[in-house]
file upload-v6.cif (mmCIF, C-alpha atoms and all ligand atoms)
data_structure
#
loop_
_atom_site.label_atom_id
_atom_site.label_comp_id
_atom_site.auth_asym_id
_atom_site.auth_seq_id
_atom_site.Cartn_x
_atom_site.Cartn_y
_atom_site.Cartn_z
CA MET P 1 22.95 -11.48 -7.78
CA SER P 2 22.26 -14.92 -6.29
CA HIS P 3 18.53 -14.35 -5.62
CA PRO P 4 16.56 -14.66 -8.85
CA GLY P 5 13.02 -14.68 -7.40
CA ARG P 6 12.79 -12.15 -4.59
CA ILE P 7 11.24 -9.02 -3.16
CA VAL P 8 13.65 -6.32 -4.32
CA ALA P 9 12.06 -3.67 -2.11
CA GLY P 10 9.01 -3.10 0.05
CA VAL P 11 7.21 0.20 0.28
CA LEU P 12 4.58 1.72 2.53
CA SER P 13 2.75 3.72 -0.15
CA PRO P 14 -0.41 5.40 1.17
CA HIS P 15 -3.22 6.13 -1.23
CA PRO P 16 -5.12 9.31 -0.31
CA PRO P 17 -6.75 10.17 -3.65
CA HIS P 18 -5.90 13.78 -2.77
CA LEU P 19 -2.32 13.12 -3.86
CA ILE P 20 -3.43 12.12 -7.35
CA TYR P 21 -5.77 15.12 -7.48
CA ALA P 22 -2.94 17.46 -6.43
CA SER P 23 -0.67 16.11 -9.20
CA ASN P 24 -3.18 16.77 -12.01
CA PRO P 25 -2.25 13.71 -14.10
CA GLU P 26 -4.08 13.41 -17.42
CA GLN P 27 -5.90 10.24 -16.27
CA ASN P 28 -7.77 12.10 -13.50
CA GLU P 29 -10.75 14.29 -14.43
CA PRO P 30 -10.91 16.85 -11.58
CA ARG P 31 -8.34 19.67 -11.68
CA SER P 32 -6.71 20.92 -8.49
CA SER P 33 -5.69 24.43 -7.44
CA GLN P 34 -2.27 23.04 -6.39
CA ALA P 35 -2.51 25.21 -3.28
CA GLY P 36 0.04 22.97 -1.59
CA ALA P 37 -1.61 21.27 1.42
CA TRP P 38 0.06 17.91 0.74
CA ASN P 39 3.45 18.98 -0.64
CA GLY P 40 5.37 17.14 2.09
CA LEU P 41 3.88 13.83 0.98
CA LEU P 42 4.24 14.62 -2.71
CA ASP P 43 7.94 15.40 -2.09
CA GLY P 44 8.21 12.13 -0.20
CA TYR P 45 6.88 10.23 -3.22
CA GLU P 46 9.34 12.08 -5.45
CA LYS P 47 12.24 10.99 -3.23
CA LEU P 48 10.92 7.43 -3.25
CA ARG P 49 10.75 7.40 -7.06
CA ALA P 50 14.34 8.69 -7.24
CA GLU P 51 15.44 5.80 -5.04
CA LEU P 52 13.49 3.23 -7.06
CA ALA P 53 15.00 4.48 -10.33
CA SER P 54 18.02 2.29 -9.58
CA VAL P 55 15.99 -0.76 -8.52
CA ASP P 56 15.11 -3.37 -11.17
CA TYR P 57 11.75 -5.05 -10.81
CA ASP P 58 9.31 -6.98 -13.00
CA VAL P 59 6.04 -6.50 -11.14
CA LEU P 60 4.29 -4.44 -8.46
CA ILE P 61 2.32 -6.41 -5.87
CA VAL P 62 -0.08 -4.25 -3.89
CA HIS P 63 -2.25 -5.08 -0.89
CA THR P 64 -5.08 -2.55 -0.80
CA PRO P 65 -7.63 -1.55 1.88
CA HIS P 66 -10.22 -0.38 -0.64
CA TRP P 67 -10.98 -3.64 -2.36
CA LYS P 68 -12.88 -5.12 0.55
CA THR P 69 -13.88 -8.77 0.20
CA HIS P 70 -16.14 -10.29 2.82
CA THR P 71 -15.02 -13.86 2.30
CA GLY P 72 -11.32 -14.40 1.99
CA HIS P 73 -8.43 -12.92 0.04
CA HIS P 74 -9.06 -12.18 -3.63
CA PHE P 75 -6.52 -11.69 -6.44
CA LEU P 76 -6.87 -9.98 -9.81
CA GLY P 77 -7.06 -12.74 -12.42
CA VAL P 78 -7.57 -11.06 -15.82
CA PRO P 79 -4.57 -9.92 -17.94
CA HIS P 80 -5.83 -6.40 -18.59
CA PHE P 81 -8.30 -4.04 -16.94
CA GLU P 82 -9.44 -0.64 -18.01
CA GLY P 83 -12.23 1.71 -16.99
CA LYS P 84 -12.97 4.58 -14.66
CA SER P 85 -12.24 4.27 -10.95
CA VAL P 86 -14.20 6.68 -8.74
CA ASP P 87 -13.56 7.24 -5.05
CA PRO P 88 -17.00 6.80 -3.43
CA VAL P 89 -16.16 9.28 -0.64
CA PHE P 90 -14.24 11.84 -2.72
CA PRO P 91 -15.74 11.71 -6.24
CA ASN P 92 -14.90 15.43 -6.42
CA LEU P 93 -11.19 14.51 -6.30
CA PHE P 94 -10.79 11.13 -7.95
CA ARG P 95 -12.36 10.02 -11.23
CA TYR P 96 -9.44 8.24 -12.81
CA ASN P 97 -9.36 6.54 -16.22
CA PHE P 98 -7.18 3.50 -15.65
CA ARG P 99 -5.45 0.88 -17.79
CA LEU P 100 -3.68 -1.87 -15.89
CA ASP P 101 -1.89 -5.06 -16.92
CA VAL P 102 -1.88 -7.97 -14.48
CA ASP P 103 0.76 -10.66 -13.95
CA VAL P 104 -1.86 -13.41 -13.83
CA GLU P 105 0.70 -16.22 -13.48
CA LEU P 106 2.14 -14.66 -10.33
CA SER P 107 -1.32 -13.78 -9.04
CA GLU P 108 -2.38 -17.42 -9.39
CA ALA P 109 0.84 -18.61 -7.77
CA ILE P 110 0.19 -16.45 -4.69
CA HIS P 111 -3.43 -17.58 -4.65
CA ASP P 112 -2.37 -21.26 -4.77
CA GLU P 113 0.24 -20.84 -2.02
CA ALA P 114 -2.28 -19.03 0.17
CA GLU P 115 -4.91 -21.70 -0.42
CA ALA P 116 -2.40 -24.44 0.39
CA ALA P 117 -1.70 -22.60 3.66
CA GLY P 118 -5.38 -22.92 4.57
CA LEU P 119 -6.56 -19.39 3.76
CA SER P 120 -9.86 -18.71 2.08
CA THR P 121 -9.03 -17.38 -1.40
CA ARG P 122 -10.52 -16.54 -4.77
CA MET P 123 -9.33 -15.39 -8.21
CA MET P 124 -11.25 -12.35 -9.53
CA ARG P 125 -12.10 -13.20 -13.16
CA ASN P 126 -14.59 -10.46 -14.03
CA PRO P 127 -13.09 -8.43 -16.93
CA GLU P 128 -15.45 -5.51 -16.10
CA PHE P 129 -14.13 -5.23 -12.54
CA ARG P 130 -13.50 -1.65 -11.46
CA VAL P 131 -10.06 -1.62 -9.84
CA ASP P 132 -10.15 0.22 -6.50
CA TYR P 133 -8.59 3.61 -5.89
CA GLY P 134 -6.13 2.23 -3.32
CA THR P 135 -4.44 0.02 -5.90
CA ILE P 136 -4.46 2.70 -8.57
CA THR P 137 -3.25 5.56 -6.38
CA SER P 138 -0.37 3.62 -4.82
CA CYS P 139 0.78 2.21 -8.17
CA HIS P 140 0.51 5.59 -9.88
CA LEU P 141 2.46 7.47 -7.21
CA VAL P 142 5.20 4.83 -7.01
CA HIS P 143 5.47 4.24 -10.77
CA PRO P 144 3.56 6.88 -12.78
CA ALA P 145 4.44 5.28 -16.14
CA LEU P 146 2.29 2.30 -15.09
CA ASN P 147 4.01 0.18 -17.72
CA LYS P 148 4.76 -2.81 -15.51
CA PRO P 149 2.25 -5.50 -14.59
CA VAL P 150 0.52 -5.47 -11.24
CA VAL P 151 -0.85 -8.03 -8.81
CA ALA P 152 -3.55 -6.62 -6.50
CA ILE P 153 -4.69 -8.41 -3.36
CA SER P 154 -7.94 -7.55 -1.61
CA SER P 155 -8.48 -6.82 2.06
CA ALA P 156 -10.36 -9.64 3.81
CA ARG P 157 -12.55 -8.91 6.81
CA THR P 158 -10.97 -11.10 9.50
CA ALA P 159 -9.82 -8.18 11.68
CA PHE P 160 -13.30 -6.67 11.48
CA ASP P 161 -15.22 -9.91 12.05
CA TYR P 162 -12.98 -11.40 14.76
CA SER P 163 -10.08 -9.34 16.15
CA ASN P 164 -7.06 -7.32 15.06
CA ALA P 165 -4.78 -10.12 16.28
CA ALA P 166 -6.65 -12.73 14.21
CA GLY P 167 -6.44 -10.45 11.16
CA ASP P 168 -2.69 -10.04 11.59
CA GLN P 169 -2.16 -13.80 11.91
CA GLU P 170 -3.88 -14.21 8.54
CA MET P 171 -1.68 -11.52 7.04
CA LEU P 172 1.35 -13.38 8.37
CA ALA P 173 0.24 -16.49 6.46
CA LEU P 174 -0.62 -14.44 3.37
CA GLY P 175 2.72 -12.63 3.45
CA GLN P 176 4.62 -15.90 3.74
CA ALA P 177 2.58 -17.37 0.87
CA THR P 178 3.39 -14.29 -1.24
CA ARG P 179 7.08 -14.68 -0.51
CA ARG P 180 7.05 -18.37 -1.53
CA ALA P 181 5.19 -17.63 -4.78
CA ILE P 182 7.63 -14.87 -5.73
CA ALA P 183 10.58 -17.21 -5.17
CA ALA P 184 8.94 -20.05 -7.12
CA THR P 185 8.07 -17.88 -10.12
CA GLY P 186 11.44 -16.11 -10.24
CA ARG P 187 9.94 -12.63 -10.15
CA ARG P 188 11.73 -9.51 -8.96
CA ALA P 189 8.85 -7.98 -7.06
CA LEU P 190 8.23 -4.54 -5.63
CA CYS P 191 5.71 -4.99 -2.80
CA LEU P 192 3.41 -2.12 -1.79
CA ALA P 193 1.38 -1.78 1.40
CA SER P 194 -1.20 0.78 0.37
CA ASN P 195 -2.50 1.88 3.77
CA SER P 196 -2.44 5.22 5.59
CA LEU P 197 -1.29 5.13 9.24
CA SER P 198 -3.50 7.01 11.76
CA HIS P 199 -6.89 7.21 10.20
CA ARG P 200 -9.18 9.55 12.12
CA HIS P 201 -10.31 12.12 9.61
CA PHE P 202 -12.35 15.27 9.42
CA THR P 203 -15.80 14.88 7.92
CA GLU P 204 -15.97 18.29 6.27
CA GLU P 205 -13.85 19.77 3.51
CA PRO P 206 -12.96 23.44 3.03
CA GLU P 207 -14.12 25.07 -0.17
CA ASP P 208 -10.71 24.44 -1.72
CA PRO P 209 -9.92 20.88 -0.51
CA GLU P 210 -6.24 21.71 -0.93
CA ASP P 211 -6.24 24.75 1.35
CA PRO P 212 -3.09 24.39 3.54
CA ALA P 213 -4.71 26.44 6.32
CA PHE P 214 -7.18 23.59 6.86
CA GLU P 215 -4.81 20.62 6.89
CA HIS P 216 -3.54 19.28 10.24
CA ALA P 217 -3.48 16.08 12.29
CA TYR P 218 -6.77 15.04 13.84
CA ASN P 219 -5.27 14.89 17.36
CA ALA P 220 -1.92 14.48 19.13
CA ASN P 221 -2.59 10.86 20.10
CA GLN P 222 -2.74 9.92 16.44
CA THR P 223 0.59 11.63 15.70
CA ALA P 224 2.31 10.17 18.79
CA TRP P 225 1.44 6.60 17.74
CA ASP P 226 2.53 7.24 14.15
CA ARG P 227 5.87 8.65 15.36
CA HIS P 228 6.42 5.57 17.50
CA ILE P 229 5.78 3.20 14.56
CA LEU P 230 8.03 5.26 12.26
CA ALA P 231 10.82 5.19 14.87
CA LEU P 232 10.56 1.39 14.99
CA MET P 233 10.73 1.23 11.20
CA ARG P 234 13.86 3.37 11.12
CA ALA P 235 15.42 1.25 13.87
CA GLY P 236 14.85 -1.95 11.89
CA GLU P 237 12.38 -3.31 14.47
CA SER P 238 9.80 -4.69 12.11
CA ARG P 239 9.00 -7.75 14.23
CA ARG P 240 8.14 -5.44 17.14
CA ILE P 241 5.87 -3.42 14.85
CA PHE P 242 4.05 -6.63 13.96
CA ASP P 243 3.77 -7.57 17.66
CA GLU P 244 2.37 -4.14 18.57
CA MET P 245 0.14 -3.90 15.50
CA PRO P 246 -3.15 -4.99 17.15
CA ASP P 247 -2.81 -2.26 19.81
CA TYR P 248 -1.63 0.33 17.30
CA THR P 249 -4.57 -0.41 15.03
CA GLU P 250 -7.01 -0.18 17.92
CA GLN P 251 -5.66 2.84 19.76
CA CYS P 252 -4.72 4.87 16.69
CA VAL P 253 -7.77 3.94 14.59
CA ALA P 254 -5.13 3.05 12.00
CA GLU P 255 -5.79 1.86 8.47
CA THR P 256 -3.39 -1.00 9.27
CA LYS P 257 -6.59 -2.83 10.31
CA ASP P 258 -6.97 -3.81 6.65
CA GLY P 259 -3.73 -5.77 6.91
CA CYS P 260 -1.51 -4.23 4.23
CA LEU P 261 1.45 -3.35 6.44
CA SER P 262 1.32 -6.65 8.34
CA TRP P 263 1.27 -8.50 5.01
CA LEU P 264 4.27 -6.49 3.75
CA LEU P 265 6.38 -7.07 6.88
CA ALA P 266 5.64 -10.81 6.76
CA ALA P 267 6.34 -11.02 3.01
CA MET P 268 9.72 -9.35 3.60
CA ASP P 269 10.35 -11.82 6.46
CA PHE P 270 10.59 -9.01 9.03
CA PRO P 271 13.65 -7.09 7.84
CA THR P 272 16.12 -5.81 10.43
CA MET P 273 17.52 -3.16 8.10
CA ALA P 274 16.66 0.48 8.81
CA ALA P 275 13.73 1.60 6.69
CA LYS P 276 13.98 4.94 4.89
CA LEU P 277 11.30 7.55 5.67
CA HIS P 278 10.77 9.70 2.56
CA GLY P 279 7.93 11.83 3.88
CA TYR P 280 5.15 12.06 6.47
CA GLY P 281 2.09 14.26 6.25
CA THR P 282 -1.61 14.54 6.97
CA VAL P 283 -4.48 14.33 4.50
CA ILE P 284 -7.85 15.49 5.80
CA GLY P 285 -6.43 14.72 9.28
CA THR P 286 -5.10 11.19 8.63
CA GLY P 287 -1.40 10.33 9.07
CA ASN P 288 0.47 9.08 6.01
CA ALA P 289 4.09 7.99 5.58
CA VAL P 290 6.08 7.05 2.48
CA VAL P 291 8.64 4.47 3.61
CA SER P 292 10.93 2.04 1.79
CA TRP P 293 12.92 -1.04 2.66
CA ASN P 294 15.47 -1.36 -0.16
CA LEU P 295 16.19 -5.05 0.31
CA ASP P 296 18.35 -5.37 -2.82
CA ALA P 297 20.59 -2.51 -1.65
CA ALA P 298 20.96 -4.25 1.72
CA ARG P 299 21.84 -7.53 -0.05
CA GLU P 300 24.46 -5.73 -2.16
CA GLU P 301 25.99 -4.28 0.99
CA VAL P 302 26.58 -7.70 2.53
CA GLY P 303 27.48 -9.25 -0.83
CA VAL P 304 24.68 -11.82 -1.26
O1 LIG P 401 -8.62 6.32 1.67
C1 LIG P 401 -8.28 7.38 2.12
C2 LIG P 401 -7.27 7.43 3.13
N1 LIG P 401 -6.79 6.38 3.48
C3 LIG P 401 -6.78 8.61 3.72
C4 LIG P 401 -7.14 9.89 3.54
C5 LIG P 401 -8.11 10.40 2.72
C6 LIG P 401 -8.88 9.70 1.87
O2 LIG P 401 -8.92 8.42 1.59
FE FE2 P 402 -7.80 4.59 2.64
#
call {"tool": "encode", "arguments": {"input": "upload-v6.cif", "output": "structure tokens", "more": "lines below"}}
Ligand code: 2X7
Ligand code: FE2
result
Amino acid sequence: MSHPGRIVAGVLSPHPPHLIYASNPEQNEPRSSQAGAWNGLLDGYEKLRAELASVDYDVLIVHTPHWKTHTGHHFLGVPHFEGKSVDPVFPNLFRYNFRLDVDVELSEAIHDEAEAAGLSTRMMRNPEFRVDYGTITSCHLVHPALNKPVVAISSARTAFDYSNAAGDQEMLALGQATRRAIAATGRRALCLASNSLSHRHFTEEPEDPEDPAFEHAYNANQTAWDRHILALMRAGESRRIFDEMPDYTEQCVAETKDGCLSWLLAAMDFPTMAAKLHGYGTVIGTGNAVVSWNLDAAREEVGV
């Protein structure tokens, strides 16, 4: 392979903590009934993991909506974190004992590239930092062994303070900086955009949160927009997704506002290959899709 430092694959890997809860891993304290409300998404993650079994990578880089930083883009900067991560909205579902290694050299390289591009940035050096549930959930569902280092990038507030378009322009610069840092450090990186798609959600839970009779999309507008974005992904139209992102975010109340998907598309340099949809499903009314762009497989196909 003639591309030593590269993104081997990009993944849209949503993080509803419900999916961890439903899997009953030993790290998570609450136990689920496994009544099956989210099986479509859990199957989607299983298919994704089967695909990634033949992809070699050194590091997972995740952009997460639930590490919210008011000034600029922050990067984990301590080699090892451990502790308990609790979802503030769903503490009944997610109280997860985590241990995470960080690729600090790569994290610093992305930070430096982003700073050189004029973005406001900061390394997070607090060893007691409680890693957010977006990072943990996406990494766990993509790679349950969690035995590879991670780089986590926070969600800055530009889209919230200014406009969706301004937020996406920053994610374009951050994605390009990420791409340059990966090439310069020679890493084979798996990049994860941790966001859900449509994000209107119910504000009450049934007695069993996993009751399939309760789970459905919040409304048809949400689903229609999600379908449109997924069709563009499968058609290889990632540049058009980026162009439509401000409207999608606004009209679909999408979690893309936090920038993860825009960052991923920019980091991958707007691939024209067809993305693979592994699964789509709702969680407490929100739309969630597990999608991969297997860039290494596409390179193999054209022999580069
Ligand atoms: O953070 C989330 C989410 N994005 C979607 C659904 C449910 C809970 O948490
Ligand atoms: Fe979320």
call {"tool": "closest_residue", "arguments": {"input": "upload-v6.cif", "among": "P:Thr121, P:Thr272, P:Gln169, P:Thr137", "to": "ligand LIG 401 (chain P)", "atoms": "only C-alpha atoms and all ligand atoms"}}
result
P:Thr137
call {"tool": "closest_residue", "arguments": {"input": "upload-v6.cif", "among": "P:Arg299, P:Arg49, P:His73, P:His140", "to": "P:Arg122", "atoms": "all atoms listed in the file"}}
result
P:His73
call {"tool": "residues_near_ligand", "arguments": {"input": "upload-v6.cif", "ligand": "ligand LIG 401 (chain P)", "cutoff": "6 Å", "atoms": "only C-alpha atoms and all ligand atoms", "output": "mmCIF file with C-alpha atoms, in the frame of the given file"}}
result
data_model
loop_
_atom_site.group_PDB
_atom_site.id
_atom_site.type_symbol
_atom_site.label_atom_id
_atom_site.label_comp_id
_atom_site.auth_asym_id
_atom_site.auth_seq_id
_atom_site.Cartn_x
_atom_site.Cartn_y
_atom_site.Cartn_z
ATOM 1 C CA HIS P 15 -3.220 6.130 -1.230
ATOM 2 C CA PRO P 16 -5.120 9.310 -0.310
ATOM 3 C CA PRO P 17 -6.750 10.170 -3.650
ATOM 4 C CA SER P 196 -2.440 5.220 5.590
ATOM 5 C CA VAL P 283 -4.480 14.330 4.500
ATOM 6 C CA ILE P 284 -7.850 15.490 5.800
ATOM 7 C CA THR P 286 -5.100 11.190 8.630
#
call {"tool": "atom_distance", "arguments": {"input": "upload-v6.cif", "atom1": "atom CA of P:Leu232", "atom2": "atom CA of P:Pro271"}}
result
11.5 Å
call {"tool": "residues_around", "arguments": {"input": "upload-v6.cif", "residues": "P:Lys47", "least_positions_apart": "6", "cutoff": "10 Å", "atoms": "only C-alpha atoms", "output": "PyMOL selection string"}}
result
chain P and resi 41+277-279+290
call {"tool": "residues_near_ligand", "arguments": {"input": "upload-v6.cif", "ligand": "ligand FE2 402 (chain P)", "cutoff": "12 Å", "atoms": "only C-alpha atoms and all ligand atoms", "output": "mmCIF file with C-alpha atoms, in the frame of the given file"}}
result
data_model
loop_
_atom_site.group_PDB
_atom_site.id
_atom_site.type_symbol
_atom_site.label_atom_id
_atom_site.label_comp_id
_atom_site.auth_asym_id
_atom_site.auth_seq_id
_atom_site.Cartn_x
_atom_site.Cartn_y
_atom_site.Cartn_z
ATOM 1 C CA SER P 13 2.750 3.720 -0.150
ATOM 2 C CA PRO P 14 -0.410 5.400 1.170
ATOM 3 C CA HIS P 15 -3.220 6.130 -1.230
ATOM 4 C CA PRO P 16 -5.120 9.310 -0.310
ATOM 5 C CA PRO P 17 -6.750 10.170 -3.650
ATOM 6 C CA HIS P 18 -5.900 13.780 -2.770
ATOM 7 C CA HIS P 63 -2.250 -5.080 -0.890
ATOM 8 C CA THR P 64 -5.080 -2.550 -0.800
ATOM 9 C CA PRO P 65 -7.630 -1.550 1.880
ATOM 10 C CA HIS P 66 -10.220 -0.380 -0.640
ATOM 11 C CA TRP P 67 -10.980 -3.640 -2.360
ATOM 12 C CA LYS P 68 -12.880 -5.120 0.550
ATOM 13 C CA ASP P 87 -13.560 7.240 -5.050
ATOM 14 C CA PRO P 88 -17.000 6.800 -3.430
ATOM 15 C CA VAL P 89 -16.160 9.280 -0.640
ATOM 16 C CA PHE P 90 -14.240 11.840 -2.720
ATOM 17 C CA ASP P 132 -10.150 0.220 -6.500
ATOM 18 C CA TYR P 133 -8.590 3.610 -5.890
ATOM 19 C CA GLY P 134 -6.130 2.230 -3.320
ATOM 20 C CA THR P 135 -4.440 0.020 -5.900
ATOM 21 C CA ILE P 136 -4.460 2.700 -8.570
ATOM 22 C CA THR P 137 -3.250 5.560 -6.380
ATOM 23 C CA SER P 138 -0.370 3.620 -4.820
ATOM 24 C CA SER P 155 -8.480 -6.820 2.060
ATOM 25 C CA ALA P 193 1.380 -1.780 1.400
ATOM 26 C CA SER P 194 -1.200 0.780 0.370
ATOM 27 C CA ASN P 195 -2.500 1.880 3.770
ATOM 28 C CA SER P 196 -2.440 5.220 5.590
ATOM 29 C CA LEU P 197 -1.290 5.130 9.240
ATOM 30 C CA SER P 198 -3.500 7.010 11.760
ATOM 31 C CA HIS P 199 -6.890 7.210 10.200
ATOM 32 C CA ARG P 200 -9.180 9.550 12.120
ATOM 33 C CA HIS P 201 -10.310 12.120 9.610
ATOM 34 C CA VAL P 253 -7.770 3.940 14.590
ATOM 35 C CA ALA P 254 -5.130 3.050 12.000
ATOM 36 C CA GLU P 255 -5.790 1.860 8.470
ATOM 37 C CA THR P 256 -3.390 -1.000 9.270
ATOM 38 C CA LYS P 257 -6.590 -2.830 10.310
ATOM 39 C CA ASP P 258 -6.970 -3.810 6.650
ATOM 40 C CA GLY P 259 -3.730 -5.770 6.910
ATOM 41 C CA CYS P 260 -1.510 -4.230 4.230
ATOM 42 C CA VAL P 283 -4.480 14.330 4.500
ATOM 43 C CA ILE P 284 -7.850 15.490 5.800
ATOM 44 C CA THR P 286 -5.100 11.190 8.630
ATOM 45 C CA GLY P 287 -1.400 10.330 9.070
ATOM 46 C CA ASN P 288 0.470 9.080 6.010
#
call {"tool": "residues_around", "arguments": {"input": "upload-v6.cif", "residues": "P:His80", "least_positions_apart": "5", "cutoff": "6 Å", "atoms": "only C-alpha atoms", "output": "ChimeraX atom specification"}}
result
/P:100-102
call {"tool": "atom_distance", "arguments": {"input": "upload-v6.cif", "atom1": "atom CA of P:Leu230", "atom2": "atom CA of P:Ala53"}}
result
23.7 Å
